[in-house]
Structures are given as structure tokens and as C-alpha cells.
Amino acid sequence: MSSVSTPTVSPVMRVGAVAWIGLAGLAVAMGIGRFAFTPVLPLMQQEGSVTLVQGGWLATANYLGYLAGALICIGWHPGPARAVRWGLLSIAVLTFAMGLTEGFWIWLILRLLAGAASAFVLVGVSAWAMPRLALAHKKTWSGYVFSGVGVGICATGVICLAAGSLAFGARSTWICLGGVAAVFALALWLPLRGDDGHEVPVTKSRAAPLRGEARLAALCYGAFGYGYIIPATFLPALAREVITDPLLFGLIWPVFGAAGAISTLCAAAFLPHHSARRLWIRAQWILAAGVIAPVFTINLYVLLFSALCVGGTFMVITMAGIREARRLGGTSAARLIALYTAAFALGQILGPPTVSLFHGGLAAPSVLAAFVLVASSLALGRGASAPETSE
């Protein structure tokens with residue numbers, strides 16, 4: 001068998017490149033492909049191009065696309081590097097198109113496709129980066145990779161904050177975000193193209209059937225998806241309703257993203273020595289507090305508290321939940337993670353229509369979301385808490 005020569009680089013540099021590529025990919029996929037609409041929504045409302053109810057449906061279209069993209073990845077199994085490359089390029093094109101088109105139905109299709117492209121990148125980055133970090137005995141570096149979600153959300157929030165302060169319109173903001181996505185898509189294209197077909201070998205064994213405890217955990221993960229999506233979609237819009245200064249209400253989303261990035265790095269160092277399930281439960285209680293806080297009173301401090309609670313826990317729960325899935329799933333871990341993904345996406349899809357059901361009011365949906373999170377935490381607490389094994 002012929003061997004392929006590779007450049008002589010230090011293992012640290014090589015692992016560092018993997019972590020940074022994963023971080024950048026997730027920053028674009030989640031910060032722009034998934035959640036750019038959240039901080040742009042107040043700008044679109046200000047221009048009168050969408051209502052809060054229409055915004056809920058546009059968000060739902062994105063989550064439906066995410067679910068569809070995840071299911072396609074499960075059935076099709078695209079090469080991870082290829083999925084990331086084409087997913088990032090698609091996100092750039094679709095985001096540009098949001099600023100170059102008009103009409104609710106066109107935007108609905110564009111957000112649907114952007115959600116699917118984001119799923120391709122997320123699945124691709126996970127399948128590409130995680131095994132390489134594990135082989136290099138740098139599993140805790142997964143925190144750097146997944147911090148990309150918070151970094152992307154924070155960066156997008158800063159761009160939208162600047163747009164609101166400088167009185168840029170929503171269309172200009174979409175075009176700017178599309179340009180940022182295009183830069184990263186092109187920058188990562190060659191490194192990832194060189195990795196096509198070079199997959200990390202994995203041990204294959206017969207998949208065992210999923211136990212009831214594993215299915216319960218998947219249901220709780222879906223509840224988490226429903227519980228966090230109300231503030232994750234509508235916090236900046238809620239801030240705009242009570243705070244007139246764009247420099248103030250625009251702070252909410254950058255704070256949300258920064259909390260997500262920092263908490264992810266902390267959780268990556270914390271997880272190897274603690275139970276993922278207990279961390280999941282504790283983070284979910286904090287998340288519930290952040291979800292329900294604006295129900296009692298709304299001002300800048302409460303909204304910042306909510307942004308810290310929600311932003312600081314949603315990626316921690318994601319990492320802890322995936323680790324718990326790998327423990328519970330055993331040889332069927334990949335199938336259980338796929339079930340998690342589908343449950344999470346379905347939970348997200350149900351969130352914005354709940355707001356529409358209450359005619360755009362956020363109080364009742366927030367109470368319902370907090371109740372679902374509490375029920376999920378109690379169910380997880382009653383489940384088995386076997387000690388974790390090394391992965």
C-alpha cells in the first residue's frame with residue numbers, strides 16, 4: 001500500500017489547527033446560519049418588514065431546515081469535510097440572498113435552507129474534529145471547538161449592534177453577515193478539501209438496542225430544545241420593546257454569545273471529572289431561571305440576567321447531553337445522538353409557534369418553557385446516575 005506523505009508539524013500545531021477550523025466552522029454555522037435572524041429581527045421590525053408573529057414562523061422554518069439537514073446527514077452519511085465546506089458556502093449565499101430579496105415567503109425558503117446547511121456543518125464538524133482530538137488525547141479541546149457557537153453568536157450580535165447604532169438597515173446587515181460567512185467559507189475551503197477521504201478509523205461493532213433510560217434522556221434533550229428556544233429567538237426583540245436606545249438593547253445578544261463561549265470552555269475542563277448528567281440537571285435549573293425571569297419584570301438588568309443564564313447554559317447542556325448519550329448508548333451511541341438531534345430539533349420547532357398561539361405574547365410561552373425544563377430536570381434526577389466511564 002502506498003503511503004501519503006504529510007508535512008512535518010508538531011502534534012500541538014496539528015491539533016490546534018483542528019480546533020480552530022472546528023471553532024470557525026461552528027461560529028459561521030450557528031452564529032450566522034442558525035441565529036443571525038435573532039439580532040436582525042428587531043431591525044426588520046423597525047422597518048416594518050416583519051411582525052413578531054411572522055418572525056416566529058421564519059425562526060420555525062430555520063429549525064425545520066435544521067431538522068431536515070440532520071435527518072439527511074443520518075441517512076446519507078456525507079463526508080464530514082465535504083459537508084462542512086458546502087454547508088459553509090451555502091450559508092454565505094443564502095445569507096446574502098436575505099439582503100437582496102424581499103417578501104415573507106422568499107425569506108421563509110431562505111431560512112429553511114440555511115437551517116439545513118447549518119446542520120450539515122454541525123454534523124460535519126462533530127464527525128471531523130472530535131475523532132481527531134480523541135486520537136491526539138486532547139478530548140478536552142472539544143471545548144474550544146464548541147465555543148465557536150458562542151463566539152459566532154457574540155460576533156453576530158456585535159455586528160448587529162453596530163448596524164443598529166449606525167442606522168444601517170436590515171438588508172445591509174444581512175449582506176454584511178453574508179460577506180463574513182463567505183470569507184470564512186473560502187478560508188476553510190482548502191484546508192478541509194485536503195482532508196476529503198481521510199477519515200479517522202473507528203471500531204465497528206454490533207449496535208445494541210436503546211434502553212428505556214436512553215430514550216428518556218433523548219426526550220429530556222428535546223425538552224431542553226423547547227425550553228431554551230423562546231429566549232434564544234426573542235430576547236433582542238423583547239429588549240427592543242422596553243429599551244429605546246439601540247446601544248443598550250443591542251447588548252443582549254453579544255452577552256448571550258459571550259456567556260455561551262466562556263461557559264463552554266469551563267465545562268470542557270469540568271466534565272472529565274464530574275457526572276455529565278448532574279451537570280446537565282444543574283445547568284438546566286439555571287436555564288429555567290433565565291427563561292422565566294422576564295415574566296415578572298422587564299428591564300435591562302433582568303434581560304441581561306436572562307441572557308447570561310440562557311447563553312451560559314445552552315452549550316453546557318449540549319456538551320453534557322452528548323456525553324451522557326455516549327455513555328447510555330454504548331455501541332449504539334451514534335444512533336442515540338441522532339435521536340437526540342431529532343428530539344432537540346422538534347423541541348425547537350414547537351417553540352416559536354407557541355408564541356404565535358398566544359398572539360405574539362411571550363409571558364405565557366416563557367412560563368410553559370420553564371415548566372418543561374423543570375419537568376425535564378426532575379425526570380433526569382430520577383434516572384440512574386451510574387458513574388461515567390472514560391470514552
# chains A, B, ... in the order shown; residues from 1 in each chain; ligands from 1
$ residues_around --residues "Thr51 in chain A" --least-positions-apart "4" --cutoff "9 Å" --atoms "only C-alpha atoms" --output "NGL selection string"
:A and (41 or 44-45 or 55-56 or 360)
$ closest_atom_pairs --of "range 101-176 of chain A" --to "range 255-269 of chain A" --cutoff "8 Å" --atoms "only C-alpha atoms" --output "CSV"
residue,atom,partner,partner_atom,distance
A:Thr140,CA,A:Ala268,CA,5.4
A:Trp141,CA,A:Ala268,CA,7.3
A:Ser142,CA,A:Ala268,CA,6.8
A:Gly143,CA,A:Ala268,CA,4.8
A:Tyr144,CA,A:Leu265,CA,6.2
A:Phe146,CA,A:Thr264,CA,6.7
A:Ser147,CA,A:Ala261,CA,4.4
A:Gly148,CA,A:Ala261,CA,6.8
A:Val149,CA,A:Ala261,CA,6.9
A:Gly150,CA,A:Ala261,CA,4.1
A:Val151,CA,A:Ala261,CA,5.6
A:Gly152,CA,A:Gly257,CA,7.1
A:Ile153,CA,A:Gly257,CA,4.6
A:Cys154,CA,A:Gly257,CA,4.0
A:Ala155,CA,A:Gly257,CA,7.8
A:Gly157,CA,A:Gly257,CA,7.7
$ write_last_selection --atoms "all heavy atoms" --output "tab-separated table (two decimals), in the first residue's frame"
chain	number	residue	atom	x	y	z
A	140	THR	N	-10.50	17.21	25.82
A	140	THR	CA	-10.97	18.43	26.46
A	140	THR	C	-10.92	19.63	25.52
A	140	THR	O	-11.58	20.64	25.76
A	140	THR	CB	-10.14	18.75	27.72
A	140	THR	OG1	-8.76	18.85	27.36
A	140	THR	CG2	-10.31	17.65	28.76
A	141	TRP	N	-10.15	19.50	24.42
A	141	TRP	CA	-10.10	20.58	23.45
A	141	TRP	C	-11.41	20.71	22.68
A	141	TRP	O	-11.58	21.68	21.93
A	141	TRP	CB	-8.94	20.36	22.47
A	141	TRP	CG	-7.59	20.69	23.05
A	141	TRP	CD1	-7.16	20.42	24.32
A	141	TRP	CD2	-6.52	21.36	22.39
A	141	TRP	NE1	-5.87	20.86	24.49
A	141	TRP	CE2	-5.45	21.44	23.32
A	141	TRP	CE3	-6.34	21.88	21.12
A	141	TRP	CZ2	-4.23	22.03	23.01
A	141	TRP	CZ3	-5.12	22.47	20.80
A	141	TRP	CH2	-4.09	22.55	21.74
A	142	SER	N	-12.30	19.77	22.88
A	142	SER	CA	-13.62	19.91	22.25
A	142	SER	C	-14.30	21.18	22.74
A	142	SER	O	-15.15	21.74	22.04
A	142	SER	CB	-14.50	18.70	22.56
A	142	SER	OG	-14.73	18.58	23.96
A	143	GLY	N	-13.91	21.65	23.93
A	143	GLY	CA	-14.47	22.90	24.43
A	143	GLY	C	-14.13	24.07	23.52
A	143	GLY	O	-14.96	24.97	23.32
A	144	TYR	N	-12.90	24.06	22.97
A	144	TYR	CA	-12.54	25.12	22.03
A	144	TYR	C	-13.40	25.05	20.78
A	144	TYR	O	-13.84	26.08	20.25
A	144	TYR	CB	-11.06	25.00	21.65
A	144	TYR	CG	-10.10	25.28	22.78
A	144	TYR	CD1	-9.36	24.25	23.35
A	144	TYR	CD2	-9.94	26.56	23.29
A	144	TYR	CE1	-8.47	24.48	24.39
A	144	TYR	CE2	-9.06	26.82	24.33
A	144	TYR	CZ	-8.33	25.78	24.88
A	144	TYR	OH	-7.47	26.02	25.92
A	146	PHE	N	-16.50	23.72	20.38
A	146	PHE	CA	-17.89	24.08	20.61
A	146	PHE	C	-18.05	25.50	21.13
A	146	PHE	O	-19.16	26.05	21.09
A	146	PHE	CB	-18.54	23.07	21.56
A	146	PHE	CG	-18.88	21.78	20.88
A	146	PHE	CD1	-18.08	20.66	21.03
A	146	PHE	CD2	-20.00	21.67	20.06
A	146	PHE	CE1	-18.38	19.46	20.39
A	146	PHE	CE2	-20.31	20.49	19.42
A	146	PHE	CZ	-19.50	19.39	19.58
A	147	SER	N	-16.97	26.11	21.61
A	147	SER	CA	-17.06	27.52	21.96
A	147	SER	C	-17.31	28.38	20.73
A	147	SER	O	-17.72	29.54	20.85
A	147	SER	CB	-15.80	28.00	22.67
A	147	SER	OG	-14.70	28.08	21.77
A	148	GLY	N	-17.08	27.80	19.54
A	148	GLY	CA	-17.36	28.51	18.30
A	148	GLY	C	-18.80	28.95	18.19
A	148	GLY	O	-19.10	29.98	17.57
A	149	VAL	N	-19.71	28.18	18.78
A	149	VAL	CA	-21.13	28.55	18.75
A	149	VAL	C	-21.32	29.89	19.45
A	149	VAL	O	-21.93	30.83	18.91
A	149	VAL	CB	-22.00	27.46	19.40
A	149	VAL	CG1	-23.46	27.90	19.43
A	149	VAL	CG2	-21.85	26.14	18.65
A	150	GLY	N	-20.81	30.01	20.67
A	150	GLY	CA	-20.93	31.26	21.41
A	150	GLY	C	-20.16	32.39	20.76
A	150	GLY	O	-20.63	33.54	20.72
A	151	VAL	N	-18.97	32.08	20.23
A	151	VAL	CA	-18.17	33.11	19.55
A	151	VAL	C	-18.94	33.66	18.36
A	151	VAL	O	-18.99	34.87	18.13
A	151	VAL	CB	-16.81	32.53	19.11
A	151	VAL	CG1	-16.09	33.49	18.17
A	151	VAL	CG2	-15.94	32.22	20.33
A	152	GLY	N	-19.56	32.76	17.58
A	152	GLY	CA	-20.32	33.20	16.41
A	152	GLY	C	-21.52	34.03	16.78
A	152	GLY	O	-21.81	35.06	16.14
A	153	ILE	N	-22.23	33.62	17.83
A	153	ILE	CA	-23.40	34.38	18.29
A	153	ILE	C	-22.98	35.76	18.77
A	153	ILE	O	-23.62	36.78	18.46
A	153	ILE	CB	-24.14	33.60	19.39
A	153	ILE	CG1	-24.83	32.37	18.79
A	153	ILE	CG2	-25.15	34.49	20.11
A	153	ILE	CD1	-25.44	31.45	19.83
A	154	CYS	N	-21.88	35.81	19.54
A	154	CYS	CA	-21.39	37.09	20.06
A	154	CYS	C	-20.96	38.01	18.92
A	154	CYS	O	-21.31	39.19	18.90
A	154	CYS	CB	-20.23	36.84	21.02
A	154	CYS	SG	-19.58	38.33	21.80
A	155	ALA	N	-20.20	37.48	17.97
A	155	ALA	CA	-19.72	38.29	16.85
A	155	ALA	C	-20.88	38.81	16.01
A	155	ALA	O	-20.90	39.99	15.60
A	155	ALA	CB	-18.76	37.47	15.98
A	157	GLY	N	-23.88	39.31	17.08
A	157	GLY	CA	-24.55	40.33	17.90
A	157	GLY	C	-23.83	41.66	17.85
A	157	GLY	O	-24.47	42.72	17.79
$ residues_around --residues "Ala181 in chain A" --least-positions-apart "5" --cutoff "10 Å" --atoms "only C-alpha atoms" --output "NGL selection string"
:A and (24-25 or 27-29 or 31-33 or 88-96 or 175-176 or 186-187)
$ select_by_dssp --residues "range 36-226 of chain A" --states "alpha helix (DSSP H)" --output "ChimeraX atom specification"
/A:37-47,52-76,80-100,104-135,142-165,170-193,212-226
$ closest_residue --among "A:Phe234, A:Phe371, A:Tyr66, A:Trp128" --to "Leu23 in chain A" --atoms "only C-alpha atoms"
A:Trp128
$ residues_around --residues "range 291-300 of chain A" --least-positions-apart "6" --cutoff "10 Å" --atoms "only C-alpha atoms" --output "MDAnalysis selection string"
chainID A and resid 227:232 235 238:239 241:243 248:249 251:252 285 306:307 309:310 362:371 373
